[in-house]
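Visitor: So that you have it, the file is target-v3.tsv, and it contains TSV, C-alpha atoms:
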chain	number	residue	atom	x	y	z
I	1	MET	CA	30.02	11.77	52.31
I	2	SER	CA	28.33	11.98	48.95
I	3	LYS	CA	29.26	9.46	46.25
I	4	VAL	CA	29.38	12.19	43.59
I	5	PRO	CA	31.87	15.07	43.17
I	6	ALA	CA	31.58	18.53	44.64
I	7	VAL	CA	30.14	20.97	42.11
I	8	THR	CA	33.03	23.24	41.17
I	9	LEU	CA	34.25	25.01	38.04
I	10	GLY	CA	36.38	21.94	37.32
I	11	PHE	CA	33.27	19.77	37.51
I	12	TRP	CA	31.57	21.81	34.78
I	13	LEU	CA	34.66	21.87	32.55
I	14	ILE	CA	34.96	18.09	32.68
I	15	LYS	CA	31.20	17.67	32.24
I	16	ILE	CA	31.17	19.70	29.02
I	17	LEU	CA	34.12	17.72	27.62
I	18	ALA	CA	32.42	14.46	28.65
I	19	THR	CA	29.21	15.41	26.85
I	20	THR	CA	31.19	16.35	23.74
I	21	LEU	CA	32.97	12.99	23.91
I	22	GLY	CA	29.57	11.32	24.29
I	23	GLU	CA	28.50	12.77	20.96
I	24	THR	CA	31.66	11.89	19.02
I	25	GLY	CA	31.98	8.50	20.73
I	26	GLY	CA	28.37	7.57	20.13
I	27	ASP	CA	28.59	8.63	16.48
I	28	THR	CA	31.83	6.65	16.10
I	29	VAL	CA	30.07	3.42	17.00
I	30	SER	CA	26.73	4.00	15.30
I	31	MET	CA	27.93	5.82	12.16
I	32	THR	CA	31.68	5.42	11.56
I	33	MET	CA	31.66	1.73	12.55
I	34	ASN	CA	28.24	1.46	10.86
I	35	LEU	CA	26.70	-0.59	13.69
I	36	GLY	CA	23.52	1.47	13.76
I	37	TYR	CA	21.73	3.27	16.56
I	38	LEU	CA	20.06	0.19	18.07
I	39	VAL	CA	23.25	-1.86	18.34
I	40	GLY	CA	25.14	1.18	19.60
I	41	THR	CA	22.49	1.73	22.24
I	42	GLY	CA	22.75	-1.88	23.35
I	43	ILE	CA	26.53	-1.66	23.67
I	44	PHE	CA	26.57	1.58	25.62
I	45	LEU	CA	23.63	0.64	27.84
I	46	ALA	CA	25.40	-2.59	28.81
I	47	ILE	CA	28.54	-0.61	29.69
I	48	LEU	CA	26.47	1.96	31.57
I	49	VAL	CA	24.62	-0.64	33.65
I	50	GLY	CA	27.92	-2.29	34.59
I	51	LEU	CA	29.53	1.01	35.58
I	52	VAL	CA	26.47	2.16	37.57
I	53	TRP	CA	26.52	-1.16	39.47
I	54	TRP	CA	30.22	-0.61	40.21
I	55	GLN	CA	29.59	2.99	41.22
I	56	VAL	CA	26.81	2.02	43.64
I	57	ALA	CA	28.90	-0.81	45.10
I	58	ALA	CA	31.91	1.45	45.68
I	59	ALA	CA	32.53	2.42	49.28
I	60	ARG	CA	33.51	6.00	48.45
I	61	PHE	CA	33.74	8.55	45.67
I	62	GLN	CA	36.19	7.45	42.95
I	63	PRO	CA	36.82	10.19	40.34
I	64	LEU	CA	37.79	7.98	37.39
I	65	LEU	CA	34.89	5.61	37.99
I	66	TYR	CA	32.42	8.47	38.34
I	67	TRP	CA	33.48	10.20	35.14
I	68	ALA	CA	33.62	6.93	33.22
I	69	THR	CA	30.00	6.39	34.23
I	70	ILE	CA	29.09	9.92	33.13
I	71	ILE	CA	30.72	9.30	29.73
I	72	ALA	CA	28.86	6.00	29.40
I	73	SER	CA	25.58	7.76	30.15
I	74	THR	CA	26.22	10.46	27.57
I	75	THR	CA	27.29	8.03	24.81
I	76	ALA	CA	24.24	5.89	25.56
I	77	GLY	CA	22.17	9.07	25.51
I	78	THR	CA	23.52	9.94	22.07
I	79	THR	CA	22.60	6.63	20.46
I	80	MET	CA	19.26	6.36	22.30
I	81	ALA	CA	18.21	9.85	21.20
I	82	ASP	CA	19.29	9.21	17.62
I	83	PHE	CA	17.41	5.90	17.59
I	84	ALA	CA	14.24	7.50	18.96
I	85	THR	CA	14.28	10.58	16.74
I	86	ARG	CA	15.53	8.98	13.51
I	87	SER	CA	14.84	5.24	13.53
I	88	LEU	CA	11.48	5.47	15.31
I	89	GLY	CA	10.62	8.62	13.39
I	90	ILE	CA	9.25	10.72	16.26
I	91	GLY	CA	11.44	13.66	15.26
I	92	TYR	CA	13.64	15.97	17.30
I	93	ALA	CA	10.77	17.98	18.79
I	94	GLY	CA	8.83	14.86	19.76
I	95	GLY	CA	11.93	13.20	21.19
I	96	ALA	CA	12.91	16.28	23.16
I	97	ALA	CA	9.38	16.67	24.58
I	98	LEU	CA	9.18	12.99	25.54
I	99	LEU	CA	12.59	12.99	27.21
I	100	PHE	CA	11.94	16.27	29.03
I	101	GLY	CA	8.85	14.62	30.49
I	102	CYS	CA	10.99	11.65	31.57
I	103	VAL	CA	13.48	13.96	33.33
I	104	ILE	CA	10.72	15.82	35.17
I	105	ALA	CA	8.99	12.57	36.14
I	106	SER	CA	12.25	11.08	37.42
I	107	LEU	CA	13.00	14.16	39.53
I	108	ALA	CA	9.42	14.23	40.85
I	109	VAL	CA	9.47	10.57	41.92
I	110	TRP	CA	12.94	11.02	43.42
I	111	ARG	CA	11.82	14.01	45.48
I	112	ARG	CA	8.61	12.32	46.58
I	113	THR	CA	10.47	9.17	47.61
I	114	LEU	CA	13.54	10.67	49.34
I	115	GLY	CA	12.52	14.26	50.04
I	116	SER	CA	15.32	15.92	48.08
I	117	VAL	CA	16.92	15.85	44.64
I	118	SER	CA	20.06	17.68	45.76
I	119	VAL	CA	23.24	15.95	44.58
I	120	ASP	CA	24.69	16.46	48.06
I	121	THR	CA	22.30	13.77	49.33
I	122	VAL	CA	23.51	11.10	46.90
I	123	SER	CA	25.06	8.79	49.46
I	124	THR	CA	22.70	5.77	49.52
I	125	PRO	CA	22.00	3.12	46.86
I	126	LYS	CA	18.42	4.34	46.38
I	127	ALA	CA	19.52	7.96	45.91
I	128	GLU	CA	22.25	6.82	43.51
I	129	ALA	CA	19.71	4.85	41.46
I	130	PHE	CA	17.51	7.95	41.06
I	131	TYR	CA	20.61	10.05	40.30
I	132	TRP	CA	21.81	7.86	37.45
I	133	ILE	CA	18.34	7.35	35.98
I	134	THR	CA	17.79	11.11	35.94
I	135	ILE	CA	21.23	11.74	34.47
I	136	THR	CA	20.70	9.21	31.68
I	137	PHE	CA	17.36	10.80	30.76
I	138	SER	CA	18.97	14.26	30.82
I	139	GLN	CA	21.88	13.15	28.63
I	140	THR	CA	19.46	11.66	26.11
I	141	LEU	CA	17.29	14.80	26.21
I	142	GLY	CA	20.33	16.96	25.56
I	143	THR	CA	21.17	15.13	22.33
I	144	ALA	CA	17.65	15.50	20.95
I	145	LEU	CA	17.48	19.14	22.07
I	146	GLY	CA	20.84	19.95	20.50
I	147	ASP	CA	19.92	18.33	17.18
I	148	TRP	CA	16.52	20.04	17.18
I	149	THR	CA	18.08	23.46	17.74
I	150	ALA	CA	20.90	23.01	15.24
I	151	ASP	CA	19.01	21.23	12.44
I	152	THR	CA	15.28	21.87	12.64
I	153	ASN	CA	15.57	25.51	13.67
I	154	GLY	CA	18.33	26.15	11.14
I	155	LEU	CA	20.85	27.66	13.56
I	156	GLY	CA	23.64	25.28	12.61
I	157	TYR	CA	26.05	23.73	15.09
I	158	VAL	CA	27.89	26.96	15.93
I	159	GLY	CA	24.68	28.93	16.32
I	160	ALA	CA	23.16	26.26	18.55
I	161	ALA	CA	26.33	26.11	20.67
I	162	VAL	CA	26.15	29.88	21.13
I	163	VAL	CA	22.50	29.62	22.23
I	164	PHE	CA	23.21	26.93	24.83
I	165	GLY	CA	26.37	28.70	25.97
I	166	ALA	CA	24.32	31.86	26.52
I	167	LEU	CA	21.69	29.92	28.46
I	168	LEU	CA	24.41	28.43	30.67
I	169	ALA	CA	25.81	31.91	31.26
I	170	ALA	CA	22.32	33.04	32.28
I	171	VAL	CA	22.09	30.17	34.77
I	172	ALA	CA	25.50	31.14	36.15
I	173	GLY	CA	24.29	34.72	36.51
I	174	LEU	CA	21.26	33.56	38.47
I	175	TYR	CA	23.58	31.53	40.72
I	176	PHE	CA	25.95	34.38	41.50
I	177	TRP	CA	23.55	37.32	41.63
I	178	THR	CA	20.23	35.95	42.82
I	179	LYS	CA	18.87	33.61	45.49
I	180	THR	CA	17.26	31.26	42.98
I	181	ASN	CA	17.01	27.69	44.29
I	182	ARG	CA	20.46	26.09	43.92
I	183	VAL	CA	19.12	22.61	43.26
I	184	LEU	CA	16.97	23.93	40.40
I	185	LEU	CA	19.94	25.80	38.93
I	186	PHE	CA	22.17	22.72	39.17
I	187	TRP	CA	19.78	20.55	37.18
I	188	ALA	CA	19.16	23.32	34.65
I	189	ALA	CA	22.92	23.68	34.10
I	190	PHE	CA	23.42	19.91	34.05
I	191	ILE	CA	20.82	19.50	31.32
I	192	LEU	CA	22.09	22.46	29.26
I	193	THR	CA	25.70	21.24	29.20
I	194	ARG	CA	24.54	18.20	27.23
I	195	PRO	CA	23.13	19.98	24.14
I	196	LEU	CA	26.14	22.31	24.27
I	197	GLY	CA	28.47	19.30	24.14
I	198	ALA	CA	26.30	17.64	21.49
I	199	THR	CA	26.43	20.63	19.15
I	200	VAL	CA	30.18	21.09	19.67
I	201	GLY	CA	30.73	17.38	19.01
I	202	ASP	CA	28.65	17.54	15.83
I	203	PHE	CA	30.54	20.65	14.73
I	204	LEU	CA	33.81	18.74	15.10
I	205	ASP	CA	32.86	15.57	13.23
I	206	LYS	CA	30.05	16.36	10.80
I	207	PRO	CA	30.89	16.80	7.06
I	208	LEU	CA	31.85	20.22	5.74
I	209	ASP	CA	28.70	20.45	3.62
I	210	HIS	CA	26.65	19.93	6.81
I	211	GLY	CA	28.38	22.76	8.64
I	212	GLY	CA	30.96	20.66	10.48
I	213	LEU	CA	34.75	20.44	10.40
I	214	ALA	CA	34.82	16.79	9.22
I	215	PHE	CA	37.35	15.71	11.85
I	216	SER	CA	37.83	11.99	12.35
I	217	ARG	CA	35.35	10.83	15.00
I	218	PRO	CA	37.69	8.24	16.55
I	219	ILE	CA	40.57	10.74	16.73
I	220	ALA	CA	38.36	13.50	18.13
I	221	SER	CA	37.03	11.05	20.73
I	222	ALA	CA	40.55	9.98	21.71
I	223	VAL	CA	41.72	13.60	22.09
I	224	LEU	CA	38.69	14.45	24.23
I	225	ALA	CA	39.25	11.36	26.39
I	226	VAL	CA	42.88	12.29	26.99
I	227	ALA	CA	41.87	15.87	27.87
I	228	ILE	CA	39.32	14.57	30.38
I	229	VAL	CA	41.85	12.26	32.05
I	230	ILE	CA	44.32	15.14	32.31
I	231	LEU	CA	41.72	17.42	33.91
I	232	ILE	CA	40.65	14.71	36.36
I	233	THR	CA	44.30	14.25	37.32
I	234	VAL	CA	45.18	17.94	37.54
I	235	LEU	CA	42.03	19.49	39.00
I	236	PRO	CA	41.07	18.76	42.62
I	237	GLN	CA	38.52	15.95	42.82
I	238	ARG	CA	36.63	15.56	46.07
I	239	ALA	CA	33.28	14.17	47.08
I	240	GLY	CA	30.41	16.54	47.68
I	241	GLN	CA	29.59	16.89	51.35
I	242	HIS	CA	26.39	15.39	52.68
I	243	PRO	CA	24.24	18.05	54.43
I	244	VAL	CA	24.16	16.09	57.70
I	245	ALA	CA	27.97	15.92	57.79
I	246	ALA	CA	28.19	19.63	57.05
I	247	ARG	CA	25.87	20.47	59.94
I	248	ASN	CA	27.80	18.23	62.31
I	249	GLU	CA	31.07	19.93	61.40
I	250	GLY	CA	29.47	23.35	61.83
Re-express the file's structure as structure tokens.
Guide:
Amino acid sequence: MSKVPAVTLGFWLIKILATTLGETGGDTVSMTMNLGYLVGTGIFLAILVGLVWWQVAAARFQPLLYWATIIASTTAGTTMADFATRSLGIGYAGGAALLFGCVIASLAVWRRTLGSVSVDTVSTPKAEAFYWITITFSQTLGTALGDWTADTNGLGYVGAAVVFGALLAAVAGLYFWTKTNRVLLFWAAFILTRPLGATVGDFLDKPLDHGGLAFSRPIASAVLAVAIVILITVLPQRAGQHPVAARNEG
């Protein structure tokens, strides 16, 4: 069996909440606690590495562990993207382009090495390593892409959220009404949920004069975390099925 969850509607609901929490949680540490982007990145990367090690060492799919690792990757992605685009001064467009290249390169090496980038094949340590590297790049890309769309292009947080929501709806339409490659659609949707969550998170916690609602970042993060735990508990959580197992059962 795969070490990652089956891709269901519940998966996408939790993923969007997790990416939103990544934005508010990352901003809580780097901005509200005033630790800065570099220190925040160090903290979240250390947590992420520890959780990925635990995830790889686990004998089977564990929902709480998996989603904790996803949240760690998205909070690390938030602070890494902010550090690259703001502290290093490469800008949102430069950061987004660089990180998009990293995502494509990671997927290309993964496919060349193991023959497939389908999440259903994530059942070995090597596949898991590629999976989490790609996810971390995609989470970081999503933050830069969300900020670029909302700030540089002048759409604001609500406008940017509408754009990414529409793009996700388009991907869903391709899934239901066309025969477009499912692996391609998965990664497109996975990447797009991150800027959607980033813009929603910014809308919640940014000041009123910046187009946000000025909610407390720690409180917003706590509410999102509770909502995620409730969904994990209530919604069915099962491992995705490895293709070989599926063929054997058929």
Visitor: Each residue of segment 31-66 of chain I with at least one atom at most 12 Å from segment 117-126 of chain I should appear once, together with its nearest atom pair and the corresponding distance in Å (one decimal); atoms considered: only C-alpha atoms; ordering: chain, then increasing residue number; output as a tab-separated table.
Guide:
residue	atom	partner	partner_atom	distance
I:Val52	CA	I:Pro125	CA	10.4
I:Trp53	CA	I:Pro125	CA	9.7
I:Trp54	CA	I:Pro125	CA	11.2
I:Gln55	CA	I:Pro125	CA	9.5
I:Val56	CA	I:Pro125	CA	5.9
I:Ala57	CA	I:Pro125	CA	8.1
I:Ala58	CA	I:Pro125	CA	10.1
I:Ala59	CA	I:Ser123	CA	9.8
I:Arg60	CA	I:Ser123	CA	9.0
I:Phe61	CA	I:Ser123	CA	9.5
Visitor: List as a compact mmCIF listing (two decimals) with C-alpha atoms, in the frame of the given file the protein and nucleic acid residues near Trp110 of chain I, meaning an atom at most 10 Å away when only C-alpha atoms are counted, but skip any in the same chain fewer than 6 places from it.
Guide:
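The resulting part37.txt:
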# COMPACT_ATOMS: atom_id res chain seq x y z
CA ILE I 104 10.72 15.82 35.17
CA SER I 116 15.32 15.92 48.08
CA VAL I 117 16.92 15.85 44.64
CA LYS I 126 18.42 4.34 46.38
CA ALA I 127 19.52 7.96 45.91
CA ALA I 129 19.71 4.85 41.46
CA PHE I 130 17.51 7.95 41.06
CA TYR I 131 20.61 10.05 40.30
CA ILE I 133 18.34 7.35 35.98
CA THR I 134 17.79 11.11 35.94
Visitor: Neighbouring residues of segment 233-242 of chain I were defined as those with any atom within 9 Å, considering only C-alpha atoms; residues of the same chain fewer than 2 positions away were excluded. Please report them as a PyMOL selection string.
Guide: chain I and resi 1-7+10-11+60-63+119-123+228-231+244-247
Visitor: So that I can check the surroundings of Ile47 of chain I, please list as a list in words every protein, DNA and RNA residue that reaches within 12 Å of it, counting all atoms listed in the file and ignoring chain neighbours fewer than 4 positions away.
Guide: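 So the residues in contact are Gly40, Thr41, Gly42, Ile43, Leu51, Val52, Trp53, Trp54, Ala68, Thr69, Ile70, Ile71, Ala72, Ser73, Thr74, Thr75 and Ala76 of chain I.
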Visitor: Excluding same-chain residues fewer than 5 positions from Thr28 of chain I, what lies within 10 Å of it counting all atoms listed in the file, as a VMD selection string?
Guide: chain I and resid 22 to 23 33 to 35 40 75 205 216 to 221
Visitor: For the atom pair atom CA of Thr140 of chain I and atom CA of Leu38 of chain I, what is the interatomic distance in Å to one decimal place?
Guide: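 Going from atom CA of Thr140 of chain I over to atom CA of Leu38 of chain I, I get 14.0 Å.
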Visitor: Rounded to one decimal in Å, what is the spacing between atom CA of Leu45 of chain I and atom CA of Met80 of chain I?
Guide: 9.1 Å
Visitor: Grab the atom CA of Leu88 of chain I to atom CA of Ala46 of chain I distance for me, in Å with one decimal place.
Guide: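 If I compute the distance from atom CA of Leu88 of chain I to atom CA of Ala46 of chain I, I get 21.0 Å.
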Visitor: Dig up all the protein and nucleic acid residues within 12 Å of (14.6, 18.1, 17.5) in the file frame, using all atoms listed in the file, and format them as a tab-separated table (two decimals) with C-alpha atoms, in the frame of the given file.
Guide:
chain	number	residue	atom	x	y	z
I	81	ALA	CA	18.21	9.85	21.20
I	82	ASP	CA	19.29	9.21	17.62
I	84	ALA	CA	14.24	7.50	18.96
I	85	THR	CA	14.28	10.58	16.74
I	86	ARG	CA	15.53	8.98	13.51
I	89	GLY	CA	10.62	8.62	13.39
I	90	ILE	CA	9.25	10.72	16.26
I	91	GLY	CA	11.44	13.66	15.26
I	92	TYR	CA	13.64	15.97	17.30
I	93	ALA	CA	10.77	17.98	18.79
I	94	GLY	CA	8.83	14.86	19.76
I	95	GLY	CA	11.93	13.20	21.19
I	96	ALA	CA	12.91	16.28	23.16
I	97	ALA	CA	9.38	16.67	24.58
I	98	LEU	CA	9.18	12.99	25.54
I	99	LEU	CA	12.59	12.99	27.21
I	100	PHE	CA	11.94	16.27	29.03
I	140	THR	CA	19.46	11.66	26.11
I	141	LEU	CA	17.29	14.80	26.21
I	142	GLY	CA	20.33	16.96	25.56
I	143	THR	CA	21.17	15.13	22.33
I	144	ALA	CA	17.65	15.50	20.95
I	145	LEU	CA	17.48	19.14	22.07
I	146	GLY	CA	20.84	19.95	20.50
I	147	ASP	CA	19.92	18.33	17.18
I	148	TRP	CA	16.52	20.04	17.18
I	149	THR	CA	18.08	23.46	17.74
I	150	ALA	CA	20.90	23.01	15.24
I	151	ASP	CA	19.01	21.23	12.44
I	152	THR	CA	15.28	21.87	12.64
I	153	ASN	CA	15.57	25.51	13.67
I	154	GLY	CA	18.33	26.15	11.14
I	160	ALA	CA	23.16	26.26	18.55
I	195	PRO	CA	23.13	19.98	24.14
Visitor: Restricting the calculation to all atoms listed in the file: of I:Ile135, I:Leu192, I:Ala108, I:Leu114, which residue gets closest to Leu48 of chain I?
Guide: I:Ile135
Visitor: Nearest residue to Ala170 of chain I out of I:Val183, I:Met31, I:Val158, I:Ala189, using all atoms listed in the file?
Guide: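 Closest candidate: I:Ala189.
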Visitor: Which residue, I:Leu204, I:Val49, I:Ala225, I:Ala161, has the smallest gap to Thr136 of chain I when you use only C-alpha atoms?
Guide: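 Closest to Thr136 of chain I, using only C-alpha atoms: I:Val49.
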Visitor: With all atoms listed in the file as the atoms that count, which of I:Pro207, I:Gly197, I:Gly25, I:Gly36 lies nearest to Gln139 of chain I?
Guide: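 Residue with the minimum atom-to-atom distance to Gln139 of chain I: I:Gly197.
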Visitor: Check the smallest atom-to-atom distance from each of I:Ala169, I:Leu155, I:Leu185, I:Val200 to Leu224 of chain I using all atoms listed in the file, then report the winner.
Guide: I:Val200
Visitor: From the block I gave, I'd like segment 78-89 of chain I written with all heavy atoms, as a JSON list (two decimals), in the first residue's frame.
Guide:
[["chain", "number", "residue", "atom", "x", "y", "z"],
["I", 78, "THR", "N", 6.34, 28.79, 3.32],
["I", 78, "THR", "CA", 6.00, 30.20, 3.51],
["I", 78, "THR", "C", 7.22, 31.03, 3.88],
["I", 78, "THR", "O", 7.50, 32.06, 3.26],
["I", 78, "THR", "CB", 4.93, 30.34, 4.62],
["I", 78, "THR", "OG1", 3.73, 29.72, 4.19],
["I", 78, "THR", "CG2", 4.65, 31.81, 4.93],
["I", 79, "THR", "N", 7.96, 30.59, 4.88],
["I", 79, "THR", "CA", 9.11, 31.38, 5.33],
["I", 79, "THR", "C", 10.25, 31.34, 4.31],
["I", 79, "THR", "O", 10.95, 32.34, 4.13],
["I", 79, "THR", "CB", 9.60, 30.88, 6.70],
["I", 79, "THR", "OG1", 9.85, 29.46, 6.64],
["I", 79, "THR", "CG2", 8.56, 31.15, 7.78],
["I", 80, "MET", "N", 10.44, 30.19, 3.63],
["I", 80, "MET", "CA", 11.50, 30.12, 2.61],
["I", 80, "MET", "C", 11.21, 31.04, 1.44],
["I", 80, "MET", "O", 12.09, 31.74, 0.94],
["I", 80, "MET", "CB", 11.67, 28.68, 2.11],
["I", 80, "MET", "CG", 12.42, 27.78, 3.06],
["I", 80, "MET", "SD", 12.92, 26.21, 2.30],
["I", 80, "MET", "CE", 11.32, 25.42, 2.08],
["I", 81, "ALA", "N", 9.94, 31.05, 0.99],
["I", 81, "ALA", "CA", 9.58, 31.93, -0.12],
["I", 81, "ALA", "C", 9.72, 33.39, 0.27],
["I", 81, "ALA", "O", 10.23, 34.21, -0.51],
["I", 81, "ALA", "CB", 8.14, 31.64, -0.57],
["I", 82, "ASP", "N", 9.27, 33.74, 1.47],
["I", 82, "ASP", "CA", 9.39, 35.13, 1.92],
["I", 82, "ASP", "C", 10.86, 35.54, 2.06],
["I", 82, "ASP", "O", 11.23, 36.68, 1.74],
["I", 82, "ASP", "CB", 8.66, 35.31, 3.26],
["I", 82, "ASP", "CG", 7.14, 35.29, 3.10],
["I", 82, "ASP", "OD1", 6.67, 35.48, 1.96],
["I", 82, "ASP", "OD2", 6.45, 35.07, 4.10],
["I", 83, "PHE", "N", 11.69, 34.63, 2.53],
["I", 83, "PHE", "CA", 13.12, 34.93, 2.66],
["I", 83, "PHE", "C", 13.74, 35.16, 1.29],
["I", 83, "PHE", "O", 14.50, 36.11, 1.09],
["I", 83, "PHE", "CB", 13.84, 33.79, 3.38],
["I", 83, "PHE", "CG", 15.32, 33.99, 3.49],
["I", 83, "PHE", "CD1", 15.85, 34.91, 4.37],
["I", 83, "PHE", "CD2", 16.20, 33.25, 2.70],
["I", 83, "PHE", "CE1", 17.23, 35.11, 4.47],
["I", 83, "PHE", "CE2", 17.57, 33.43, 2.79],
["I", 83, "PHE", "CZ", 18.09, 34.36, 3.68],
["I", 84, "ALA", "N", 13.40, 34.28, 0.33],
["I", 84, "ALA", "CA", 13.98, 34.39, -1.01],
["I", 84, "ALA", "C", 13.51, 35.66, -1.72],
["I", 84, "ALA", "O", 14.31, 36.38, -2.33],
["I", 84, "ALA", "CB", 13.63, 33.16, -1.84],
["I", 85, "THR", "N", 12.21, 35.93, -1.65],
["I", 85, "THR", "CA", 11.67, 37.05, -2.42],
["I", 85, "THR", "C", 11.90, 38.41, -1.76],
["I", 85, "THR", "O", 12.02, 39.42, -2.45],
["I", 85, "THR", "CB", 10.16, 36.87, -2.66],
["I", 85, "THR", "OG1", 9.48, 36.73, -1.40],
["I", 85, "THR", "CG2", 9.90, 35.61, -3.49],
["I", 86, "ARG", "N", 11.96, 38.43, -0.42],
["I", 86, "ARG", "CA", 12.09, 39.71, 0.28],
["I", 86, "ARG", "C", 13.50, 39.96, 0.82],
["I", 86, "ARG", "O", 14.09, 41.00, 0.54],
["I", 86, "ARG", "CB", 11.06, 39.78, 1.41],
["I", 86, "ARG", "CG", 9.62, 39.70, 0.89],
["I", 86, "ARG", "CD", 8.61, 39.55, 2.01],
["I", 86, "ARG", "NE", 7.27, 39.32, 1.47],
["I", 86, "ARG", "CZ", 6.20, 39.06, 2.21],
["I", 86, "ARG", "NH1", 6.30, 39.01, 3.54],
["I", 86, "ARG", "NH2", 5.02, 38.85, 1.64],
["I", 87, "SER", "N", 14.03, 39.00, 1.57],
["I", 87, "SER", "CA", 15.35, 39.20, 2.16],
["I", 87, "SER", "C", 16.46, 39.14, 1.12],
["I", 87, "SER", "O", 17.42, 39.91, 1.16],
["I", 87, "SER", "CB", 15.60, 38.17, 3.26],
["I", 87, "SER", "OG", 14.66, 38.33, 4.31],
["I", 88, "LEU", "N", 16.36, 38.20, 0.17],
["I", 88, "LEU", "CA", 17.37, 38.08, -0.87],
["I", 88, "LEU", "C", 17.11, 39.03, -2.03],
["I", 88, "LEU", "O", 17.98, 39.24, -2.87],
["I", 88, "LEU", "CB", 17.43, 36.63, -1.39],
["I", 88, "LEU", "CG", 17.89, 35.58, -0.39],
["I", 88, "LEU", "CD1", 17.97, 34.21, -1.07],
["I", 88, "LEU", "CD2", 19.25, 35.94, 0.22],
["I", 89, "GLY", "N", 15.89, 39.58, -2.09],
["I", 89, "GLY", "CA", 15.59, 40.61, -3.07],
["I", 89, "GLY", "C", 15.40, 40.13, -4.50],
["I", 89, "GLY", "O", 15.53, 40.94, -5.43]]
